[in-house]
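Asks: Sending over final.cif (mmCIF, C-alpha atoms).
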data_my_file
#
loop_
_atom_site.group_PDB
_atom_site.id
_atom_site.type_symbol
_atom_site.label_atom_id
_atom_site.label_comp_id
_atom_site.auth_asym_id
_atom_site.auth_seq_id
_atom_site.Cartn_x
_atom_site.Cartn_y
_atom_site.Cartn_z
ATOM 1 C CA MET A 26 -18.162 139.819 166.272
ATOM 2 C CA HIS A 27 -19.025 138.608 162.794
ATOM 3 C CA GLN A 28 -15.660 136.884 162.320
ATOM 4 C CA SER A 29 -15.736 135.231 165.729
ATOM 5 C CA THR A 30 -19.142 133.691 165.144
ATOM 6 C CA LEU A 31 -18.189 132.013 161.843
ATOM 7 C CA PRO A 32 -16.150 129.187 163.447
ATOM 8 C CA ARG A 33 -18.968 128.553 165.885
ATOM 9 C CA ARG A 34 -21.481 128.274 163.075
ATOM 10 C CA ARG A 35 -19.189 125.919 161.235
ATOM 11 C CA ASP A 36 -18.823 123.778 164.373
ATOM 12 C CA VAL A 37 -22.585 123.683 164.807
ATOM 13 C CA SER A 38 -23.038 122.730 161.138
ATOM 14 C CA ARG A 39 -20.463 119.956 161.424
ATOM 15 C CA ALA A 40 -22.083 118.652 164.594
ATOM 16 C CA ALA A 41 -25.508 118.714 162.949
ATOM 17 C CA ALA A 42 -24.117 116.895 159.907
ATOM 18 C CA SER A 43 -22.517 114.266 162.141
ATOM 19 C CA VAL A 44 -25.773 113.704 164.001
ATOM 20 C CA LEU A 45 -27.643 113.429 160.707
ATOM 21 C CA LEU A 46 -25.135 110.924 159.299
ATOM 22 C CA TYR A 47 -25.335 108.896 162.511
ATOM 23 C CA ALA A 48 -29.143 108.885 162.334
ATOM 24 C CA VAL A 49 -29.041 107.828 158.682
ATOM 25 C CA GLY A 50 -26.590 105.058 159.556
ATOM 26 C CA MET A 51 -28.790 103.828 162.397
ATOM 27 C CA LEU A 52 -31.834 103.861 160.119
ATOM 28 C CA ALA A 53 -29.926 101.895 157.477
ATOM 29 C CA ARG A 54 -28.851 99.290 160.043
ATOM 30 C CA ALA A 55 -32.391 99.047 161.397
ATOM 31 C CA THR A 56 -33.738 98.591 157.874
ATOM 32 C CA THR A 57 -31.182 95.878 157.167
ATOM 33 C CA LEU A 58 -32.107 94.038 160.372
ATOM 34 C CA ALA A 59 -35.795 94.382 159.504
ATOM 35 C CA LEU A 60 -35.139 92.691 156.159
ATOM 36 C CA SER A 61 -33.387 89.877 158.042
ATOM 37 C CA SER A 62 -36.440 89.291 160.200
ATOM 38 C CA HIS A 63 -38.721 87.929 157.454
ATOM 39 C CA PRO A 64 -40.985 91.015 157.666
ATOM 40 C CA GLY A 65 -43.858 89.547 155.638
ATOM 41 C CA PRO A 66 -44.568 86.531 157.872
ATOM 42 C CA THR A 67 -43.821 88.620 160.973
ATOM 43 C CA LEU A 68 -46.428 91.219 160.020
ATOM 44 C CA ALA A 69 -48.965 88.566 158.996
ATOM 45 C CA VAL A 70 -48.787 86.589 162.251
ATOM 46 C CA THR A 71 -48.862 89.811 164.290
ATOM 47 C CA LEU A 72 -51.969 91.042 162.465
ATOM 48 C CA LEU A 73 -53.595 87.631 162.863
ATOM 49 C CA SER A 74 -53.036 87.642 166.628
ATOM 50 C CA ALA A 75 -54.336 91.205 166.920
ATOM 51 C CA VAL A 76 -57.498 90.367 164.978
ATOM 52 C CA LEU A 77 -58.064 87.333 167.194
ATOM 53 C CA GLY A 78 -57.493 89.534 170.248
ATOM 54 C CA VAL A 79 -60.222 91.885 169.077
ATOM 55 C CA ALA A 80 -62.470 88.893 168.306
ATOM 56 C CA VAL A 81 -62.268 87.633 171.914
ATOM 57 C CA GLY A 82 -63.071 91.087 173.304
ATOM 58 C CA MET A 83 -59.683 92.315 174.535
ATOM 59 C CA THR A 84 -59.237 95.968 175.438
ATOM 60 C CA PRO A 85 -57.155 98.048 172.990
ATOM 61 C CA LEU A 86 -54.246 98.165 175.455
ATOM 62 C CA ARG A 87 -54.212 94.390 175.879
ATOM 63 C CA VAL A 88 -54.467 93.880 172.111
ATOM 64 C CA PHE A 89 -51.449 96.174 171.709
ATOM 65 C CA ALA A 90 -49.473 94.222 174.316
ATOM 66 C CA LEU A 91 -50.407 90.925 172.672
ATOM 67 C CA ALA A 92 -49.382 92.215 169.247
ATOM 68 C CA LEU A 93 -46.086 93.523 170.655
ATOM 69 C CA ALA A 94 -45.298 90.156 172.250
ATOM 70 C CA ILE A 95 -46.140 88.245 169.077
ATOM 71 C CA ALA A 96 -44.258 90.698 166.845
ATOM 72 C CA ALA A 97 -41.106 90.507 168.982
ATOM 73 C CA GLY A 98 -41.348 86.718 169.033
ATOM 74 C CA GLN A 99 -41.705 86.586 165.256
ATOM 75 C CA LEU A 100 -38.733 88.925 164.883
ATOM 76 C CA SER A 101 -36.640 86.559 166.995
ATOM 77 C CA ILE A 102 -37.728 83.613 164.840
ATOM 78 C CA GLY A 103 -36.945 85.346 161.565
ATOM 79 C CA LEU A 104 -33.629 86.725 162.773
ATOM 80 C CA SER A 105 -32.556 83.365 164.181
ATOM 81 C CA ASN A 106 -33.350 81.788 160.834
ATOM 82 C CA ASP A 107 -31.044 84.186 158.967
ATOM 83 C CA TRP A 108 -28.328 83.841 161.601
ATOM 84 C CA ILE A 109 -28.402 80.025 161.591
ATOM 85 C CA ASP A 110 -28.705 79.812 157.794
ATOM 86 C CA ALA A 111 -26.066 82.459 157.032
ATOM 87 C CA ASP A 112 -23.556 80.049 155.474
ATOM 88 C CA ARG A 113 -26.228 78.223 153.510
ATOM 89 C CA ASP A 114 -27.775 81.447 152.188
ATOM 90 C CA THR A 115 -24.358 82.739 151.180
ATOM 91 C CA ALA A 116 -23.564 79.482 149.356
ATOM 92 C CA VAL A 117 -26.671 79.729 147.170
ATOM 93 C CA GLY A 118 -26.370 83.498 146.685
ATOM 94 C CA ARG A 119 -29.650 84.551 148.278
ATOM 95 C CA THR A 120 -30.138 88.161 147.187
ATOM 96 C CA ASP A 121 -33.030 88.660 149.610
ATOM 97 C CA LYS A 122 -30.910 87.928 152.688
ATOM 98 C CA PRO A 123 -28.804 90.872 154.015
ATOM 99 C CA VAL A 124 -26.454 88.473 155.827
ATOM 100 C CA ALA A 125 -25.708 86.589 152.615
ATOM 101 C CA GLN A 126 -25.009 89.896 150.866
ATOM 102 C CA GLY A 127 -22.623 91.022 153.591
ATOM 103 C CA LEU A 128 -24.813 93.985 154.550
ATOM 104 C CA VAL A 129 -24.972 92.926 158.195
ATOM 105 C CA THR A 130 -22.844 90.611 160.294
ATOM 106 C CA VAL A 131 -23.988 87.286 161.672
ATOM 107 C CA ALA A 132 -23.137 88.503 165.181
ATOM 108 C CA THR A 133 -25.430 91.508 164.800
ATOM 109 C CA VAL A 134 -28.336 89.374 163.627
ATOM 110 C CA ARG A 135 -27.746 86.845 166.420
ATOM 111 C CA THR A 136 -27.709 89.606 169.047
ATOM 112 C CA ALA A 137 -30.892 91.108 167.626
ATOM 113 C CA ALA A 138 -32.554 87.671 167.694
ATOM 114 C CA PHE A 139 -31.860 87.209 171.411
ATOM 115 C CA ALA A 140 -32.848 90.808 172.183
ATOM 116 C CA SER A 141 -36.178 90.328 170.391
ATOM 117 C CA LEU A 142 -36.687 87.043 172.207
ATOM 118 C CA THR A 143 -36.133 88.757 175.561
ATOM 119 C CA VAL A 144 -38.634 91.525 174.796
ATOM 120 C CA SER A 145 -41.186 88.996 173.576
ATOM 121 C CA LEU A 146 -41.001 86.859 176.710
ATOM 122 C CA LEU A 147 -41.090 89.838 179.063
ATOM 123 C CA VAL A 148 -44.266 91.167 177.464
ATOM 124 C CA SER A 149 -45.803 87.697 177.129
ATOM 125 C CA PHE A 150 -45.347 86.861 180.803
ATOM 126 C CA ALA A 151 -46.680 90.311 181.696
ATOM 127 C CA LEU A 152 -49.916 89.123 180.076
ATOM 128 C CA GLY A 153 -49.968 86.139 182.409
ATOM 129 C CA LEU A 154 -47.983 83.064 183.349
ATOM 130 C CA ALA A 155 -50.077 80.773 181.148
ATOM 131 C CA ALA A 156 -49.906 83.070 178.111
ATOM 132 C CA GLY A 157 -46.163 83.516 178.560
ATOM 133 C CA THR A 158 -45.579 79.784 178.850
ATOM 134 C CA ALA A 159 -47.661 79.036 175.756
ATOM 135 C CA HIS A 160 -45.824 81.676 173.759
ATOM 136 C CA LEU A 161 -42.490 80.325 174.980
ATOM 137 C CA VAL A 162 -43.433 76.896 173.595
ATOM 138 C CA PHE A 163 -44.526 78.553 170.320
ATOM 139 C CA ILE A 164 -41.155 80.284 169.917
ATOM 140 C CA ALA A 165 -39.120 77.271 171.065
ATOM 141 C CA SER A 166 -40.878 75.137 168.476
ATOM 142 C CA ALA A 167 -40.069 77.633 165.713
ATOM 143 C CA TRP A 168 -36.428 77.951 166.821
ATOM 144 C CA ALA A 169 -36.180 74.143 166.798
ATOM 145 C CA TYR A 170 -37.255 74.214 163.163
ATOM 146 C CA ASN A 171 -34.536 76.758 162.362
ATOM 147 C CA ALA A 172 -31.946 74.798 164.314
ATOM 148 C CA GLY A 173 -32.363 71.552 162.420
ATOM 149 C CA LEU A 174 -35.870 70.108 162.171
ATOM 150 C CA LYS A 175 -36.232 71.775 158.763
ATOM 151 C CA ARG A 176 -33.826 69.138 157.430
ATOM 152 C CA THR A 177 -36.003 66.210 158.499
ATOM 153 C CA VAL A 178 -39.284 64.558 157.632
ATOM 154 C CA PHE A 179 -40.649 66.179 160.816
ATOM 155 C CA SER A 180 -40.208 69.703 159.429
ATOM 156 C CA VAL A 181 -43.954 70.330 159.542
ATOM 157 C CA VAL A 182 -44.264 69.518 163.264
ATOM 158 C CA PRO A 183 -43.082 72.920 164.575
ATOM 159 C CA PHE A 184 -45.638 74.673 162.346
ATOM 160 C CA VAL A 185 -48.458 72.425 163.526
ATOM 161 C CA VAL A 186 -47.444 72.978 167.155
ATOM 162 C CA SER A 187 -46.838 76.726 166.943
ATOM 163 C CA PHE A 188 -49.866 77.710 164.884
ATOM 164 C CA GLY A 189 -52.026 75.280 166.803
ATOM 165 C CA LEU A 190 -50.996 77.168 169.941
ATOM 166 C CA LEU A 191 -51.695 80.650 168.563
ATOM 167 C CA PRO A 192 -55.447 80.734 169.399
ATOM 168 C CA THR A 193 -54.669 79.495 172.920
ATOM 169 C CA ILE A 194 -51.990 82.170 173.410
ATOM 170 C CA VAL A 195 -54.687 84.735 172.605
ATOM 171 C CA THR A 196 -57.316 83.279 174.948
ATOM 172 C CA LEU A 197 -54.780 82.753 177.742
ATOM 173 C CA ALA A 198 -53.841 86.431 177.456
ATOM 174 C CA LEU A 199 -57.361 87.451 178.506
ATOM 175 C CA PRO A 200 -57.862 88.873 182.021
ATOM 176 C CA ASP A 201 -59.613 85.584 182.773
ATOM 177 C CA PRO A 202 -57.329 83.088 181.002
ATOM 178 C CA ALA A 203 -58.962 80.191 179.195
ATOM 179 C CA THR A 204 -57.989 77.507 176.715
ATOM 180 C CA ALA A 205 -59.059 77.999 173.110
ATOM 181 C CA ALA A 206 -61.814 75.806 171.719
ATOM 182 C CA PRO A 207 -60.521 72.510 170.257
ATOM 183 C CA TRP A 208 -61.787 73.402 166.777
ATOM 184 C CA ALA A 209 -59.844 76.702 166.892
ATOM 185 C CA ILE A 210 -56.662 74.843 167.848
ATOM 186 C CA ALA A 211 -57.296 72.410 164.968
ATOM 187 C CA VAL A 212 -57.738 75.301 162.530
ATOM 188 C CA GLY A 213 -54.417 76.801 163.622
ATOM 189 C CA ALA A 214 -52.627 73.456 163.323
ATOM 190 C CA VAL A 215 -53.983 72.814 159.820
ATOM 191 C CA PHE A 216 -53.024 76.326 158.774
ATOM 192 C CA GLY A 217 -49.515 75.530 159.960
ATOM 193 C CA VAL A 218 -49.279 72.854 157.264
ATOM 194 C CA SER A 219 -50.333 75.314 154.560
ATOM 195 C CA ILE A 220 -47.949 77.989 155.795
ATOM 196 C CA HIS A 221 -44.944 75.660 155.965
ATOM 197 C CA PHE A 222 -45.478 74.054 152.575
ATOM 198 C CA THR A 223 -46.186 77.242 150.608
ATOM 199 C CA ASN A 224 -43.330 79.087 152.311
ATOM 200 C CA VAL A 225 -40.672 76.583 151.219
ATOM 201 C CA LEU A 226 -41.958 75.725 147.729
ATOM 202 C CA PRO A 227 -40.089 78.566 145.939
ATOM 203 C CA ASP A 228 -36.822 77.499 147.640
ATOM 204 C CA LEU A 229 -36.840 73.784 146.803
ATOM 205 C CA VAL A 230 -33.939 74.002 144.337
ATOM 206 C CA ASP A 231 -31.722 76.089 146.628
ATOM 207 C CA ASP A 232 -32.595 73.853 149.575
ATOM 208 C CA ALA A 233 -31.616 70.732 147.655
ATOM 209 C CA ARG A 234 -28.176 72.227 146.985
ATOM 210 C CA THR A 235 -27.552 72.690 150.700
ATOM 211 C CA GLY A 236 -28.956 69.464 152.090
ATOM 212 C CA ILE A 237 -32.393 70.618 153.243
ATOM 213 C CA ALA A 238 -34.919 67.798 152.860
ATOM 214 C CA GLY A 239 -38.018 68.556 154.900
ATOM 215 C CA LEU A 240 -41.410 66.934 154.401
ATOM 216 C CA PRO A 241 -42.520 69.148 151.461
ATOM 217 C CA HIS A 242 -39.180 68.516 149.727
ATOM 218 C CA ARG A 243 -39.733 64.779 150.002
ATOM 219 C CA LEU A 244 -43.301 65.016 148.713
ATOM 220 C CA GLY A 245 -42.284 67.053 145.678
ATOM 221 C CA ARG A 246 -43.411 70.442 144.396
ATOM 222 C CA VAL A 247 -46.851 69.568 143.019
ATOM 223 C CA THR A 248 -47.873 67.132 145.751
ATOM 224 C CA ALA A 249 -46.738 69.475 148.526
ATOM 225 C CA GLY A 250 -48.549 72.391 146.900
ATOM 226 C CA VAL A 251 -51.788 70.469 146.542
ATOM 227 C CA VAL A 252 -51.562 69.278 150.150
ATOM 228 C CA ALA A 253 -51.043 72.885 151.272
ATOM 229 C CA PHE A 254 -54.227 74.134 149.645
ATOM 230 C CA VAL A 255 -56.262 71.080 150.605
ATOM 231 C CA ALA A 256 -55.224 71.860 154.192
ATOM 232 C CA LEU A 257 -56.391 75.439 153.661
ATOM 233 C CA ALA A 258 -59.791 74.185 152.482
ATOM 234 C CA VAL A 259 -60.030 71.873 155.506
ATOM 235 C CA ALA A 260 -59.291 74.819 157.821
ATOM 236 C CA ALA A 261 -62.057 76.855 156.178
ATOM 237 C CA VAL A 262 -64.574 74.042 156.689
ATOM 238 C CA LEU A 263 -63.457 73.490 160.287
ATOM 239 C CA VAL A 264 -64.183 77.136 161.090
ATOM 240 C CA VAL A 265 -67.772 76.835 159.917
ATOM 241 C CA VAL A 266 -68.462 73.397 161.369
ATOM 242 C CA GLY A 267 -66.485 73.775 164.581
ATOM 243 C CA ALA A 268 -67.737 77.243 165.424
ATOM 244 C CA ARG A 269 -71.379 76.083 165.127
ATOM 245 C CA LEU A 270 -72.490 79.340 163.591
ATOM 246 C CA ASP A 271 -76.179 79.985 163.141
ATOM 247 C CA THR A 272 -77.229 78.465 159.820
ATOM 248 C CA ALA A 273 -80.827 79.558 160.097
ATOM 249 C CA GLY A 274 -80.072 83.085 158.906
ATOM 250 C CA GLY A 275 -78.856 86.373 160.275
ATOM 251 C CA PRO A 276 -75.429 88.021 160.194
ATOM 252 C CA SER A 277 -73.515 85.027 161.532
ATOM 253 C CA ALA A 278 -74.784 82.713 158.825
ATOM 254 C CA VAL A 279 -74.028 85.270 156.108
ATOM 255 C CA VAL A 280 -70.512 85.839 157.414
ATOM 256 C CA ALA A 281 -69.925 82.088 157.604
ATOM 257 C CA VAL A 282 -71.065 81.450 154.029
ATOM 258 C CA VAL A 283 -69.137 84.376 152.570
ATOM 259 C CA GLY A 284 -65.979 83.428 154.473
ATOM 260 C CA LEU A 285 -66.238 79.785 153.434
ATOM 261 C CA VAL A 286 -66.765 80.603 149.762
ATOM 262 C CA ALA A 287 -63.881 83.095 149.733
ATOM 263 C CA SER A 288 -61.493 80.701 151.481
ATOM 264 C CA LEU A 289 -62.410 77.778 149.227
ATOM 265 C CA SER A 290 -61.962 80.022 146.191
ATOM 266 C CA ILE A 291 -58.463 80.934 147.374
ATOM 267 C CA ALA A 292 -57.700 77.243 147.939
ATOM 268 C CA GLY A 293 -58.902 76.406 144.436
ATOM 269 C CA TRP A 294 -56.902 79.230 142.867
ATOM 270 C CA GLY A 295 -53.783 78.175 144.741
ATOM 271 C CA THR A 296 -54.166 74.562 143.611
ATOM 272 C CA VAL A 297 -54.416 75.650 139.967
ATOM 273 C CA LEU A 298 -51.289 77.787 140.340
ATOM 274 C CA VAL A 299 -49.374 74.896 141.906
ATOM 275 C CA VAL A 300 -50.244 72.540 139.069
ATOM 276 C CA THR A 301 -49.779 74.966 136.168
ATOM 277 C CA ARG A 302 -46.940 77.310 137.186
ATOM 278 C CA PRO A 303 -43.565 77.287 138.930
ATOM 279 C CA PRO A 304 -43.901 78.031 142.655
ATOM 280 C CA SER A 305 -43.681 81.651 143.760
ATOM 281 C CA ARG A 306 -44.193 83.739 146.903
ATOM 282 C CA LEU A 307 -47.768 84.337 145.744
ATOM 283 C CA LEU A 308 -48.729 80.912 147.105
ATOM 284 C CA PHE A 309 -47.657 81.863 150.622
ATOM 285 C CA ARG A 310 -49.423 85.228 150.337
ATOM 286 C CA LEU A 311 -52.662 83.491 149.379
ATOM 287 C CA VAL A 312 -52.511 81.392 152.556
ATOM 288 C CA VAL A 313 -51.808 84.491 154.650
ATOM 289 C CA VAL A 314 -54.775 86.312 153.104
ATOM 290 C CA ALA A 315 -56.997 83.316 153.810
ATOM 291 C CA SER A 316 -55.850 83.163 157.448
ATOM 292 C CA LEU A 317 -56.608 86.852 157.980
ATOM 293 C CA LEU A 318 -59.946 86.425 156.222
ATOM 294 C CA ILE A 319 -60.914 83.593 158.558
ATOM 295 C CA ALA A 320 -59.779 85.614 161.602
ATOM 296 C CA VAL A 321 -61.982 88.534 160.536
ATOM 297 C CA GLN A 322 -64.792 86.069 159.867
ATOM 298 C CA LEU A 323 -64.519 84.823 163.452
ATOM 299 C CA GLY A 324 -64.694 88.346 164.814
ATOM 300 C CA LEU A 325 -67.645 89.472 162.695
ATOM 301 C CA GLY A 326 -69.505 86.229 163.234
ATOM 302 C CA GLY A 327 -69.462 86.607 167.005
ATOM 303 C CA THR A 328 -67.817 83.217 167.434
ATOM 304 C CA ARG A 329 -66.560 82.204 170.870
ATOM 305 C CA LEU A 330 -62.941 81.062 170.637
ATOM 306 C CA VAL A 331 -62.853 80.070 174.291
ATOM 307 C CA ALA A 332 -63.472 76.423 175.142
#
Turn this file's structure into C-alpha cells for me.
Replies:
Amino acid sequence: MHQSTLPRRRDVSRAAASVLLYAVGMLARATTLALSSHPGPTLAVTLLSAVLGVAVGMTPLRVFALALAIAAGQLSIGLSNDWIDADRDTAVGRTDKPVAQGLVTVATVRTAAFASLTVSLLVSFALGLAAGTAHLVFIASAWAYNAGLKRTVFSVVPFVVSFGLLPTIVTLALPDPATAAPWAIAVGAVFGVSIHFTNVLPDLVDDARTGIAGLPHRLGRVTAGVVAFVALAVAAVLVVVGARLDTAGGPSAVVAVVGLVASLSIAGWGTVLVVTRPPSRLLFRLVVVASLLIAVQLGLGGTRLVA
C-alpha cells in the first residue's frame, strides 16, 4: 500500500506545481499588461470619477459601476497608446514600457486594449444611453490622440474634450440623467490642458527623436510648464467662482477657501519647479493631486454639479 501510493503523491505534487507555475505565469502576464496601461493616470482618473460620483449623491453600487466603466476605458486608452507607440518606444529605449522591453507582444497589448474598451462600453451603456454615449466620445477622443493627434498642434484638443466631458459623464450616469454645470465642464477642460502638458514634459527629448511635435513641444519646456500650472490656477478659481459657494461663512466657505489656497499653492510650487529644474513626473503628480483635491472640495462643500 505504501509503495503504490508514492507515485500518486508524486503525480499530485507535479500537478500542484504545474498549477502554481501557471498561476505565477498568469500573474506575471497580468502585471506586465498592467504596466502597459499607464496605471498612474488610470488610477487617478478612476478615483476622480468615483469622488465626483459620491459628490453628486450616487449610491455605492452606482459609484462602483461608474468607476469600473471609467477604469476599463482608461485601461483601453493606456494600452492602445503602448500598442500604437511600440516601434517608437523601442527606438528610444523606453525602460518603462513592457512592449519596448520585449516583455509582452504588441498583439497581446492590442487585444487587451479592445477587450478593455468592450467592457468599458458595456458598463457605461448599462448606466444609461446618454452616459454611455458621452463616455464613448471621451474614449474616442483619447484614442484619436494616440492614433496621431499627438503629433500635431492640436494635441491638446483631445484632453480638453475628454476631461471637459468627465463631469457630464458622471451626472449623466445618475438615475435621473442631467448635464453638468457649465463651470464644472470648464474646470474639466482647463484641467485637461494641465494634464496634457505636464504628462509630456519629461518626454520632450525622446519625442523629438521620433517626430512627435504636439502643442507643448512647440511651446517649449518652460513655456508649456508655466501654461500648465497657470491653467491649474484658473481651474481652482473657476471652482470657487462658478460653484457660487457661500462666502458669508459656514462649512462651504471654509472648504472653498482652504481648497483654493491649497490648489494655488500647488500651482505656484509647480511653476517654480518648471523654471528651476528639469521636468519630471512630479509635475504630473502635482496636477493629479490638485484635481483630486478639488473633487473632494466639491463633495465636502455641498456643491451642485448638475446644471
Asks: With distances taken over only C-alpha atoms, which of A:Leu91, A:Val255, A:Val185, A:Leu100 is nearest to A:Ser141?
Replies: A:Leu100
Asks: For the provided coordinates, the residues matched by the PyMOL selection byres ((chain A and resi 305-310) around 7) should be stated as an NGL selection string.
Replies: :A and (220 or 223-224 or 227 or 295 or 303-304 or 311-314)
Asks: Closest to A:Arg176 among A:Ala140, A:Val215, A:Ala233, A:Val266, using only C-alpha atoms?
Replies: A:Ala233
Asks: Just give me the gap between atom CA of A:Ala198 and atom CA of A:Phe216 in Å, one decimal is fine.
Replies: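 Between atom CA of A:Ala198 and atom CA of A:Phe216 the gap is 21.3 Å.
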Asks: Choose the residue, out of A:Ala292, A:Val280, A:His242, A:Ala151, that has the smallest atom-to-atom separation from A:Leu199; count only C-alpha atoms.
Replies: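 Answer, going by the shortest atom-to-atom distance: A:Ala151.
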